[in-house]
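upload-v4.cif, holding mmCIF, C-alpha atoms and all ligand atoms:
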data_target
loop_
_atom_site.label_atom_id
_atom_site.label_comp_id
_atom_site.auth_asym_id
_atom_site.auth_seq_id
_atom_site.Cartn_x
_atom_site.Cartn_y
_atom_site.Cartn_z
CA MET A 1 -45.52 -25.71 7.89
CA PRO A 2 -42.51 -28.06 8.17
CA ARG A 3 -39.44 -26.86 6.31
CA ILE A 4 -37.68 -29.05 3.81
CA PHE A 5 -34.17 -28.84 2.45
CA SER A 6 -32.35 -31.04 -0.04
CA GLY A 7 -29.31 -30.70 -2.25
CA ILE A 8 -27.72 -32.08 -5.36
CA GLN A 9 -24.15 -31.93 -6.59
CA PRO A 10 -23.37 -30.27 -9.93
CA SER A 11 -20.75 -32.95 -10.57
CA GLY A 12 -22.34 -34.06 -13.84
CA GLU A 13 -25.63 -34.47 -15.60
CA LEU A 14 -28.71 -35.25 -13.50
CA HIS A 15 -29.36 -38.98 -13.94
CA ILE A 16 -32.46 -41.09 -13.50
CA GLY A 17 -31.19 -42.31 -10.09
CA ASN A 18 -31.11 -38.70 -8.79
CA TYR A 19 -34.42 -38.02 -10.54
CA LEU A 20 -36.34 -41.02 -9.18
CA GLY A 21 -34.67 -41.07 -5.77
CA ALA A 22 -34.92 -37.36 -5.08
CA VAL A 23 -35.88 -34.73 -7.66
CA LYS A 24 -39.22 -36.18 -8.77
CA ASN A 25 -40.24 -36.19 -5.12
CA TRP A 26 -39.04 -32.60 -4.67
CA VAL A 27 -41.38 -31.53 -7.48
CA GLN A 28 -44.33 -33.32 -5.89
CA ILE A 29 -43.86 -31.84 -2.43
CA GLN A 30 -42.47 -28.39 -3.23
CA SER A 31 -45.65 -26.55 -2.31
CA LEU A 32 -46.67 -28.67 0.66
CA HIS A 33 -43.78 -27.21 2.63
CA GLU A 34 -41.55 -24.16 2.81
CA SER A 35 -38.82 -25.67 0.69
CA PHE A 36 -35.19 -24.98 -0.20
CA PHE A 37 -33.39 -26.92 -2.94
CA CYS A 38 -29.70 -26.30 -3.29
CA ILE A 39 -27.12 -27.01 -5.98
CA VAL A 40 -24.21 -27.92 -3.74
CA ASP A 41 -21.19 -26.69 -5.67
CA LEU A 42 -19.04 -26.53 -2.51
CA HIS A 43 -19.47 -30.30 -2.16
CA ALA A 44 -18.17 -30.83 -5.70
CA ILE A 45 -14.68 -29.38 -5.13
CA THR A 46 -13.20 -32.16 -3.00
CA VAL A 47 -12.05 -33.93 -6.16
CA PRO A 48 -9.89 -32.39 -8.92
CA TYR A 49 -12.06 -30.22 -11.22
CA GLU A 50 -11.98 -27.41 -13.79
CA PRO A 51 -13.51 -24.12 -12.56
CA ALA A 52 -15.10 -23.36 -15.96
CA VAL A 53 -16.65 -26.82 -16.07
CA LEU A 54 -18.03 -26.47 -12.54
CA ARG A 55 -19.68 -23.14 -13.48
CA GLU A 56 -21.17 -24.69 -16.63
CA ARG A 57 -22.45 -27.76 -14.74
CA THR A 58 -24.00 -25.64 -12.00
CA GLN A 59 -25.99 -23.74 -14.64
CA ALA A 60 -26.93 -26.97 -16.42
CA MET A 61 -28.11 -28.54 -13.15
CA ALA A 62 -30.27 -25.50 -12.38
CA LEU A 63 -31.80 -25.66 -15.85
CA THR A 64 -32.56 -29.36 -15.43
CA LEU A 65 -34.16 -28.88 -12.01
CA PHE A 66 -36.49 -26.19 -13.32
CA ALA A 67 -37.25 -28.26 -16.43
CA ALA A 68 -38.06 -31.26 -14.21
CA GLY A 69 -40.74 -29.15 -12.53
CA LEU A 70 -39.31 -27.11 -9.66
CA ASP A 71 -41.20 -23.83 -9.76
CA PRO A 72 -39.39 -20.66 -8.61
CA ALA A 73 -42.74 -19.17 -7.56
CA ARG A 74 -43.31 -21.99 -5.07
CA THR A 75 -39.83 -22.93 -3.86
CA SER A 76 -36.28 -21.57 -3.47
CA VAL A 77 -33.72 -23.09 -5.81
CA PHE A 78 -30.24 -21.64 -5.30
CA VAL A 79 -26.50 -22.30 -5.52
CA GLN A 80 -24.78 -23.18 -2.23
CA SER A 81 -21.74 -20.91 -2.71
CA ALA A 82 -24.06 -17.91 -3.10
CA VAL A 83 -25.04 -18.22 0.58
CA ARG A 84 -21.86 -17.87 2.66
CA GLU A 85 -23.46 -18.94 5.92
CA HIS A 86 -23.18 -22.61 4.79
CA THR A 87 -19.40 -22.57 5.31
CA GLU A 88 -19.60 -20.48 8.46
CA LEU A 89 -21.97 -22.96 10.10
CA GLN A 90 -19.84 -25.87 8.92
CA TRP A 91 -16.83 -24.55 10.83
CA ILE A 92 -18.95 -24.20 13.91
CA PHE A 93 -20.28 -27.75 13.49
CA ASN A 94 -16.73 -29.11 13.15
CA SER A 95 -16.35 -28.25 16.81
CA VAL A 96 -19.27 -30.49 17.90
CA THR A 97 -18.67 -33.44 15.52
CA PRO A 98 -16.66 -36.42 16.83
CA LEU A 99 -13.99 -37.52 14.33
CA GLY A 100 -14.96 -41.18 14.80
CA GLU A 101 -18.46 -40.46 13.47
CA LEU A 102 -16.97 -39.12 10.24
CA GLU A 103 -14.48 -41.96 9.77
CA ARG A 104 -17.33 -44.46 10.07
CA GLN A 105 -19.28 -43.07 7.07
CA THR A 106 -19.61 -45.68 4.32
CA GLN A 107 -19.44 -43.11 1.50
CA PHE A 108 -16.20 -41.70 2.94
CA LYS A 109 -14.62 -45.16 3.02
CA GLU A 110 -15.80 -45.98 -0.52
CA LYS A 111 -14.78 -42.65 -2.05
CA ALA A 112 -11.45 -42.52 -0.19
CA ALA A 113 -10.61 -46.00 -1.50
CA ARG A 114 -11.15 -44.79 -5.11
CA GLN A 115 -8.81 -41.79 -4.79
CA GLU A 116 -5.04 -41.51 -4.94
CA GLN A 117 -4.85 -38.54 -2.60
CA VAL A 118 -7.74 -38.17 -0.18
CA MET A 119 -8.64 -34.58 0.65
CA ALA A 120 -9.96 -33.65 4.10
CA GLY A 121 -13.09 -32.28 2.41
CA ILE A 122 -14.25 -35.83 1.69
CA LEU A 123 -14.15 -36.66 5.39
CA ASN A 124 -15.88 -33.38 6.28
CA TYR A 125 -18.53 -33.64 3.56
CA PRO A 126 -21.29 -34.73 5.99
CA VAL A 127 -20.48 -31.82 8.34
CA LEU A 128 -21.07 -29.36 5.50
CA GLN A 129 -24.19 -31.33 4.67
CA ALA A 130 -25.39 -30.95 8.27
CA ALA A 131 -24.76 -27.21 7.97
CA ASP A 132 -26.69 -27.09 4.67
CA ILE A 133 -29.76 -28.64 6.27
CA LEU A 134 -29.65 -27.09 9.73
CA LEU A 135 -28.98 -23.59 8.42
CA TYR A 136 -32.62 -23.67 7.33
CA ARG A 137 -33.66 -25.55 10.48
CA ALA A 138 -35.27 -28.08 8.13
CA ASP A 139 -37.27 -30.93 9.64
CA VAL A 140 -37.58 -33.07 6.52
CA VAL A 141 -34.96 -34.00 3.92
CA PRO A 142 -36.19 -35.81 0.79
CA VAL A 143 -33.23 -37.95 -0.34
CA GLY A 144 -32.29 -41.32 -1.77
CA GLU A 145 -31.28 -44.19 0.52
CA ASP A 146 -27.54 -43.53 0.10
CA GLN A 147 -27.92 -40.31 2.09
CA VAL A 148 -29.62 -41.81 5.14
CA GLN A 149 -26.35 -42.40 7.02
CA HIS A 150 -25.25 -38.81 6.39
CA LEU A 151 -28.57 -37.60 7.71
CA GLU A 152 -28.05 -39.62 10.83
CA LEU A 153 -24.87 -37.59 11.30
CA SER A 154 -26.84 -34.34 10.88
CA ARG A 155 -29.04 -35.54 13.72
CA VAL A 156 -25.98 -36.16 15.91
CA VAL A 157 -24.62 -32.69 15.08
CA ALA A 158 -27.98 -31.05 15.89
CA ARG A 159 -28.19 -32.95 19.16
CA ASN A 160 -24.60 -32.08 20.20
CA TRP A 161 -24.98 -28.40 19.37
CA ASN A 162 -28.33 -28.20 21.14
CA ALA A 163 -26.89 -29.89 24.24
CA ARG A 164 -24.15 -27.27 24.54
CA PHE A 165 -25.74 -24.08 23.29
CA GLY A 166 -29.51 -24.16 23.08
CA ALA A 167 -32.01 -26.91 23.75
CA ASN A 168 -34.19 -27.74 20.74
CA PHE A 169 -32.84 -24.90 18.59
CA PHE A 170 -32.01 -27.21 15.69
CA PRO A 171 -34.60 -29.85 14.79
CA GLU A 172 -33.27 -33.36 14.17
CA PRO A 173 -33.96 -33.75 10.45
CA LYS A 174 -35.68 -36.86 9.13
CA PRO A 175 -35.22 -38.44 5.70
CA LEU A 176 -38.17 -38.65 3.35
CA LEU A 177 -37.64 -41.64 1.04
CA THR A 178 -39.48 -42.54 -2.15
CA PRO A 179 -40.47 -46.06 -3.26
CA THR A 180 -37.54 -45.74 -5.72
CA ARG A 181 -35.07 -44.93 -2.97
CA ARG A 182 -32.16 -46.85 -4.54
CA ILE A 183 -31.79 -47.14 -8.30
CA MET A 184 -29.07 -49.54 -9.39
CA GLY A 185 -26.66 -48.69 -12.19
CA LEU A 186 -26.96 -50.23 -15.65
CA ASP A 187 -24.11 -52.59 -14.74
CA GLY A 188 -26.32 -54.01 -11.96
CA GLN A 189 -23.26 -53.88 -9.64
CA ALA A 190 -23.72 -50.73 -7.56
CA LYS A 191 -26.09 -47.79 -7.16
CA MET A 192 -26.48 -45.58 -10.19
CA SER A 193 -23.88 -42.90 -9.64
CA LYS A 194 -22.31 -40.12 -11.68
CA SER A 195 -18.81 -41.09 -10.63
CA LEU A 196 -19.28 -44.75 -11.62
CA GLY A 197 -20.43 -43.99 -15.19
CA ASN A 198 -23.37 -46.41 -15.00
CA THR A 199 -26.10 -43.83 -15.50
CA ILE A 200 -28.78 -42.70 -17.92
CA GLY A 201 -28.86 -38.90 -18.04
CA LEU A 202 -32.18 -37.07 -17.94
CA MET A 203 -31.24 -35.07 -21.04
CA GLU A 204 -30.06 -37.98 -23.17
CA THR A 205 -31.78 -38.56 -26.51
CA PRO A 206 -33.95 -41.66 -27.04
CA GLU A 207 -31.14 -43.07 -29.21
CA GLN A 208 -28.52 -42.57 -26.49
CA THR A 209 -30.85 -44.04 -23.88
CA TRP A 210 -31.49 -47.11 -26.01
CA ALA A 211 -27.77 -47.61 -26.64
CA LYS A 212 -27.35 -47.84 -22.84
CA LEU A 213 -30.49 -49.84 -22.04
CA ARG A 214 -29.92 -52.50 -24.70
CA PRO A 215 -26.82 -54.05 -23.10
CA ALA A 216 -27.92 -53.31 -19.50
CA VAL A 217 -27.68 -56.19 -17.02
CA THR A 218 -30.94 -58.09 -16.29
CA ASP A 219 -31.59 -61.27 -14.28
CA PRO A 220 -28.12 -62.91 -14.50
CA ALA A 221 -29.68 -66.41 -14.36
CA ARG A 222 -31.67 -65.77 -17.55
CA VAL A 223 -29.19 -66.74 -20.24
CA LYS A 224 -31.44 -67.68 -23.18
CA LYS A 225 -34.71 -66.07 -24.25
CA THR A 226 -36.49 -69.35 -23.47
CA ASP A 227 -35.28 -69.33 -19.82
CA PRO A 228 -37.98 -68.02 -17.47
CA GLY A 229 -36.75 -64.89 -15.65
CA ASN A 230 -37.13 -63.54 -12.13
CA PRO A 231 -38.24 -59.90 -12.22
CA ASP A 232 -37.56 -59.52 -8.49
CA VAL A 233 -33.80 -59.59 -9.13
CA CYS A 234 -33.92 -57.65 -12.41
CA ASN A 235 -32.84 -54.03 -12.49
CA ILE A 236 -34.89 -53.37 -15.63
CA PHE A 237 -38.02 -54.46 -13.76
CA GLN A 238 -37.23 -51.90 -11.03
CA LEU A 239 -37.09 -49.23 -13.73
CA HIS A 240 -40.43 -50.42 -15.12
CA LYS A 241 -41.92 -49.88 -11.67
CA ALA A 242 -40.69 -46.30 -11.81
CA PHE A 243 -41.62 -45.42 -15.40
CA SER A 244 -44.38 -47.79 -16.60
CA PRO A 245 -48.10 -47.82 -15.75
CA GLU A 246 -49.23 -50.45 -13.23
CA ALA A 247 -50.88 -52.65 -15.86
CA THR A 248 -47.63 -52.73 -17.86
CA VAL A 249 -45.63 -53.63 -14.74
CA ALA A 250 -47.98 -56.60 -14.14
CA GLU A 251 -47.68 -57.65 -17.79
CA VAL A 252 -43.85 -57.43 -17.65
CA ASP A 253 -43.88 -59.62 -14.53
CA ARG A 254 -46.02 -62.25 -16.30
CA GLN A 255 -44.11 -62.20 -19.57
CA CYS A 256 -40.73 -62.44 -17.81
CA ARG A 257 -41.66 -65.34 -15.54
CA SER A 258 -43.22 -67.29 -18.44
CA ALA A 259 -40.37 -66.46 -20.87
CA GLY A 260 -43.02 -64.91 -23.12
CA TRP A 261 -40.91 -61.80 -23.75
CA GLY A 262 -37.17 -61.77 -24.10
CA CYS A 263 -35.16 -59.10 -22.26
CA ILE A 264 -34.93 -56.96 -25.39
CA ASP A 265 -38.75 -56.96 -25.80
CA CYS A 266 -39.06 -55.91 -22.18
CA LYS A 267 -36.45 -53.17 -22.57
CA LYS A 268 -38.24 -51.78 -25.66
CA VAL A 269 -41.41 -51.26 -23.61
CA LEU A 270 -39.42 -49.60 -20.83
CA HIS A 271 -37.64 -47.38 -23.35
CA ALA A 272 -40.96 -46.15 -24.77
CA ASN A 273 -42.32 -45.30 -21.31
CA MET A 274 -39.10 -43.66 -20.20
CA THR A 275 -39.01 -41.55 -23.36
CA ALA A 276 -42.64 -40.47 -22.76
CA GLU A 277 -41.75 -39.18 -19.27
CA LEU A 278 -38.46 -37.53 -20.23
CA ALA A 279 -39.53 -35.88 -23.51
CA PRO A 280 -41.56 -33.02 -21.93
CA ILE A 281 -38.71 -32.32 -19.45
CA GLN A 282 -36.24 -32.14 -22.32
CA ALA A 283 -38.56 -29.86 -24.31
CA ARG A 284 -38.88 -27.46 -21.34
CA ALA A 285 -35.08 -27.44 -20.93
CA GLN A 286 -34.70 -26.57 -24.61
CA GLU A 287 -37.14 -23.65 -24.24
CA MET A 288 -35.44 -22.36 -21.10
CA SER A 289 -31.95 -22.52 -22.55
CA ALA A 290 -33.03 -19.89 -25.09
CA LYS A 291 -33.68 -17.45 -22.18
CA PRO A 292 -30.62 -17.52 -19.88
CA GLU A 293 -31.77 -14.36 -18.03
CA GLY A 294 -34.84 -16.24 -16.76
CA LEU A 295 -32.57 -18.87 -15.19
CA ARG A 296 -30.32 -16.20 -13.65
CA ASP A 297 -33.29 -14.37 -12.14
CA ALA A 298 -34.84 -17.56 -10.74
CA LEU A 299 -31.53 -18.52 -9.04
CA GLY A 300 -31.11 -14.94 -7.78
CA ASP A 301 -34.58 -14.95 -6.19
CA GLY A 302 -33.93 -18.39 -4.66
CA ALA A 303 -30.62 -17.20 -3.16
CA ALA A 304 -32.23 -14.06 -1.74
CA LYS A 305 -34.88 -16.10 0.08
CA ALA A 306 -32.24 -18.58 1.30
CA ARG A 307 -30.00 -15.74 2.58
CA THR A 308 -32.82 -14.27 4.63
CA ALA A 309 -33.51 -17.60 6.35
CA ALA A 310 -29.78 -18.33 6.79
CA ALA A 311 -29.01 -14.90 8.29
CA GLU A 312 -31.73 -15.35 10.90
CA THR A 313 -30.37 -18.76 11.96
CA MET A 314 -26.81 -17.44 12.18
CA ARG A 315 -27.87 -14.41 14.21
CA GLN A 316 -29.23 -16.76 16.85
CA VAL A 317 -26.29 -19.20 16.62
CA ARG A 318 -23.73 -16.40 17.04
CA ASP A 319 -25.61 -15.02 20.00
CA ALA A 320 -25.93 -18.44 21.69
CA MET A 321 -22.22 -19.21 21.19
CA GLY A 322 -20.87 -15.99 22.67
CA PHE A 323 -19.49 -14.37 19.52
CA ALA A 324 -19.13 -10.63 20.12
N1 LIG B 401 -28.87 -44.48 -7.50
C1 LIG B 401 -29.65 -43.67 -6.80
N2 LIG B 401 -30.89 -44.07 -6.43
C2 LIG B 401 -31.72 -43.25 -5.72
N3 LIG B 401 -31.36 -42.00 -5.34
C3 LIG B 401 -30.13 -41.56 -5.68
N4 LIG B 401 -29.48 -40.39 -5.46
C4 LIG B 401 -28.25 -40.45 -6.03
N5 LIG B 401 -28.07 -41.65 -6.61
C5 LIG B 401 -29.21 -42.36 -6.42
C6 LIG B 401 -30.06 -39.25 -4.74
O1 LIG B 401 -29.93 -38.10 -5.55
C7 LIG B 401 -29.76 -36.97 -4.72
C8 LIG B 401 -28.63 -36.12 -5.21
O2 LIG B 401 -27.44 -36.87 -5.23
P1 LIG B 401 -26.03 -36.13 -5.29
O3 LIG B 401 -25.64 -35.85 -6.66
O4 LIG B 401 -26.03 -34.97 -4.41
O5 LIG B 401 -25.11 -37.13 -4.55
P2 LIG B 401 -24.71 -38.57 -4.84
O6 LIG B 401 -25.56 -39.48 -4.03
O7 LIG B 401 -23.28 -38.57 -4.52
O8 LIG B 401 -25.00 -38.79 -6.40
P3 LIG B 401 -24.08 -39.62 -7.33
O9 LIG B 401 -24.68 -39.73 -8.67
O10 LIG B 401 -23.75 -40.90 -6.65
O11 LIG B 401 -22.82 -38.69 -7.48
P4 LIG B 401 -21.30 -38.96 -7.17
O12 LIG B 401 -20.95 -40.20 -7.93
O13 LIG B 401 -20.62 -37.74 -7.70
O14 LIG B 401 -21.19 -39.10 -5.69
C9 LIG B 401 -29.55 -37.48 -3.30
O15 LIG B 401 -30.74 -37.31 -2.57
C10 LIG B 401 -29.26 -38.93 -3.49
O16 LIG B 401 -29.73 -39.70 -2.39
#

Could you rewrite the structure in this file as structure tokens?
Amino acid sequence: MPRIFSGIQPSGELHIGNYLGAVKNWVQIQSLHESFFCIVDLHAITVPYEPAVLRERTQAMALTLFAAGLDPARTSVFVQSAVREHTELQWIFNSVTPLGELERQTQFKEKAARQEQVMAGILNYPVLQAADILLYRADVVPVGEDQVQHLELSRVVARNWNARFGANFFPEPKPLLTPTRRIMGLDGQAKMSKSLGNTIGLMETPEQTWAKLRPAVTDPARVKKTDPGNPDVCNIFQLHKAFSPEATVAEVDRQCRSAGWGCIDCKKVLHANMTAELAPIQARAQEMSAKPEGLRDALGDGAAKARTAAAETMRQVRDAMGFA
């Protein structure tokens, strides 16, 4: 059975970009593979943060992942910092990662440009990510499109380590993308991203969601309701494809091109379908938040399974590298 690994940062609320690009897929494939899903708190500390807030967000992310459908009986969901081998393997991987490969990463360049003081952790982020994945010797990594370049780096790291210390020990992990591999933000300018504030959170109420959808950018060439629109360039249409039944998607396409519906009509239909998908997730989260010990136990079990797999990898890595 191929192994899968994927991670998510607890840097804020899970949004529909994370959900459609990654988490929904994780739920669908969790029992087809031996799977590990990790809340990567160590990745979230490269920017200024409050320790109490990080702890709270890590718990909230775990709750959301279980509410979205990850099942502790079928998969391992755990917090990265609970498995110390992640940082140990990262240090080792630093010694087989060319600096130029890191400086080339698009996300590094973008994030560094947005920060006053750039911490080395931002540059090294993909090395820790390679350690996260390869610690479990995962073959398949279900992610959104923005992570493909980082995964390419994990492949380089695996190849370099294997060349020096053990042929074929680490598999070269492959991305597994969904049809909704890149969800744009509500501003229509960039990918939906926690740090850009252009998101819809999975736990937001229908009222909050509507307040964000209503002014969201659509086809910029459609100025008046009577102008025919082009769904192919409309972000709202992309969201319909993710949340609405096929017949509705076809109807939206027709109504947009013929200027039958205005953008607000179209958004109302999307809002209803989005609410129908998110409501059961929100209800499960509500139920689970009344039993915090259940969440603690599920994360504890996930970490125990992850530690067993991680310890086995590190035993072999240490041996191959000549550590006494
Ligand atoms: N807009 C998106 N469309 C599709 N997939 C997305 N993902 C993130 N944004 C989109 C996927 O969600 C998974 C977890 O992401 P993450 O939180 O670990 O990292 P991220 O890509 O850095 O997410 P954000 O929201 O953009 O956070 P910030 O702003 O803090 O960096 C990944 O599989 C990712 O591909």

Residue neighbourhood Ser31 of chain A, 10 Å, all atoms listed in the file, exclusion window fewer than 3 positions, as a PyMOL selection string: chain A and resi 26-28+34-35+70-71+73-75

Which residues are near ligand LIG 401 (chain B) - at most 9 Å, using all atoms listed in the file? Format: as a PyMOL selection string. chain A and resi 6-23+39-40+43-44+107+111+141-148+177-178+180-185+190-197+199

The selected residues should be written to file as an mmCIF file, in the frame of the given file (atoms: C-alpha atoms).
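Written file, selection_5.cif:
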data_model
loop_
_atom_site.group_PDB
_atom_site.id
_atom_site.type_symbol
_atom_site.label_atom_id
_atom_site.label_comp_id
_atom_site.auth_asym_id
_atom_site.auth_seq_id
_atom_site.Cartn_x
_atom_site.Cartn_y
_atom_site.Cartn_z
ATOM 1 C CA SER A 6 -32.350 -31.040 -0.040
ATOM 2 C CA GLY A 7 -29.310 -30.700 -2.250
ATOM 3 C CA ILE A 8 -27.720 -32.080 -5.360
ATOM 4 C CA GLN A 9 -24.150 -31.930 -6.590
ATOM 5 C CA PRO A 10 -23.370 -30.270 -9.930
ATOM 6 C CA SER A 11 -20.750 -32.950 -10.570
ATOM 7 C CA GLY A 12 -22.340 -34.060 -13.840
ATOM 8 C CA GLU A 13 -25.630 -34.470 -15.600
ATOM 9 C CA LEU A 14 -28.710 -35.250 -13.500
ATOM 10 C CA HIS A 15 -29.360 -38.980 -13.940
ATOM 11 C CA ILE A 16 -32.460 -41.090 -13.500
ATOM 12 C CA GLY A 17 -31.190 -42.310 -10.090
ATOM 13 C CA ASN A 18 -31.110 -38.700 -8.790
ATOM 14 C CA TYR A 19 -34.420 -38.020 -10.540
ATOM 15 C CA LEU A 20 -36.340 -41.020 -9.180
ATOM 16 C CA GLY A 21 -34.670 -41.070 -5.770
ATOM 17 C CA ALA A 22 -34.920 -37.360 -5.080
ATOM 18 C CA VAL A 23 -35.880 -34.730 -7.660
ATOM 19 C CA ILE A 39 -27.120 -27.010 -5.980
ATOM 20 C CA VAL A 40 -24.210 -27.920 -3.740
ATOM 21 C CA HIS A 43 -19.470 -30.300 -2.160
ATOM 22 C CA ALA A 44 -18.170 -30.830 -5.700
ATOM 23 C CA GLN A 107 -19.440 -43.110 1.500
ATOM 24 C CA LYS A 111 -14.780 -42.650 -2.050
ATOM 25 C CA VAL A 141 -34.960 -34.000 3.920
ATOM 26 C CA PRO A 142 -36.190 -35.810 0.790
ATOM 27 C CA VAL A 143 -33.230 -37.950 -0.340
ATOM 28 C CA GLY A 144 -32.290 -41.320 -1.770
ATOM 29 C CA GLU A 145 -31.280 -44.190 0.520
ATOM 30 C CA ASP A 146 -27.540 -43.530 0.100
ATOM 31 C CA GLN A 147 -27.920 -40.310 2.090
ATOM 32 C CA VAL A 148 -29.620 -41.810 5.140
ATOM 33 C CA LEU A 177 -37.640 -41.640 1.040
ATOM 34 C CA THR A 178 -39.480 -42.540 -2.150
ATOM 35 C CA THR A 180 -37.540 -45.740 -5.720
ATOM 36 C CA ARG A 181 -35.070 -44.930 -2.970
ATOM 37 C CA ARG A 182 -32.160 -46.850 -4.540
ATOM 38 C CA ILE A 183 -31.790 -47.140 -8.300
ATOM 39 C CA MET A 184 -29.070 -49.540 -9.390
ATOM 40 C CA GLY A 185 -26.660 -48.690 -12.190
ATOM 41 C CA ALA A 190 -23.720 -50.730 -7.560
ATOM 42 C CA LYS A 191 -26.090 -47.790 -7.160
ATOM 43 C CA MET A 192 -26.480 -45.580 -10.190
ATOM 44 C CA SER A 193 -23.880 -42.900 -9.640
ATOM 45 C CA LYS A 194 -22.310 -40.120 -11.680
ATOM 46 C CA SER A 195 -18.810 -41.090 -10.630
ATOM 47 C CA LEU A 196 -19.280 -44.750 -11.620
ATOM 48 C CA GLY A 197 -20.430 -43.990 -15.190
ATOM 49 C CA THR A 199 -26.100 -43.830 -15.500
#

Would you work out the distance separating atom CA of Val77 of chain A from atom CA of Phe36 of chain A, expressed in Å to one decimal?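 Computed distance, atom CA of Val77 of chain A to atom CA of Phe36 of chain A, equals 6.1 Å.
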
Separation of atom CA of Gln282 of chain A and atom CA of Leu186 of chain A, in Å?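 Here the two named atoms are 21.4 Å from each other.
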
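Every protein, DNA or RNA residue with an atom at most 9 Å from Val233 of chain A, where only C-alpha atoms count and chain neighbours fewer than 2 positions away do not, is listed here: Thr218, Asp219, Pro220, Gly229, Asn230, Pro231, Asn235, Phe237 and Gln238 of chain A.
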
Contact residues around Ser81 of chain A with all atoms listed in the file at 12 Å, ignoring same-chain residues under 6 positions, as a list in words: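 Skipping anything fewer than 6 positions along the chain leaves Gln9, Pro10, Cys38, Ile39, Val40, Asp41, Leu42, His43, Ala44, Ile45, Leu54, Arg55, Thr58, Thr87, Glu88, Leu128, Asp132, Leu299, Ala303, Ala306 and Arg307 of chain A.
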
From the options A:Leu295, A:Ala324, A:Ile29, A:Met274, which residue's atoms come nearest to Trp210 of chain A, counting only C-alpha atoms?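 Among the listed residues, A:Met274 lies closest to Trp210 of chain A.
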
Tell me, as a list in words, which residues lie within 12 Å of Ala167 of chain A, counting all atoms listed in the file; anything in the same chain fewer than 5 positions away does not count.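 So, after excluding close chain neighbours, the residues are Ala158, Arg159, Asn160, Trp161, Asn162, Glu172, Val317 and Ala320 of chain A.
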
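Distance-wise, atom CA of Ala68 of chain A and atom CA of Ala285 of chain A end up 8.3 Å apart.
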
Kindly indicate which residue among A:Glu116, A:Asp232, A:Glu152, A:Asp139 lies nearest to Glu101 of chain A, using all atoms listed in the file for the distances.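 Ranking A:Glu116, A:Asp232, A:Glu152, A:Asp139 by distance to Glu101 of chain A, first place goes to A:Glu152.
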
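Taking only C-alpha atoms into account, Glu85 of chain A lies nearest to A:Leu134 out of the set A:Glu246, A:Leu134, A:Leu99, A:Ala52.
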
Write out as a short mmCIF file (atom, residue, chain, number, x, y, z; two decimals) with C-alpha atoms, in the frame of the given file which residues come within 10 Å of Lys212 of chain A when counting only C-alpha atoms, dropping same-chain ones fewer than 5 positions away.
data_model
loop_
_atom_site.label_atom_id
_atom_site.label_comp_id
_atom_site.auth_asym_id
_atom_site.auth_seq_id
_atom_site.Cartn_x
_atom_site.Cartn_y
_atom_site.Cartn_z
CA LEU A 186 -26.96 -50.23 -15.65
CA ASP A 187 -24.11 -52.59 -14.74
CA ASN A 198 -23.37 -46.41 -15.00
CA THR A 199 -26.10 -43.83 -15.50
CA ILE A 200 -28.78 -42.70 -17.92
CA PRO A 206 -33.95 -41.66 -27.04
CA GLU A 207 -31.14 -43.07 -29.21
#

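Compared by their closest atoms to Leu102 of chain A, and using only C-alpha atoms, the residues A:Arg84, A:Lys241, A:His150, A:Arg296 rank with A:His150 nearest.
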
Out of A:Pro245, A:Pro2, A:Gly260, A:Pro51, which residue has the shortest atom-to-atom distance to Asn273 of chain A when counting only C-alpha atoms?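 The answer is A:Pro245, which sits nearest to Asn273 of chain A.
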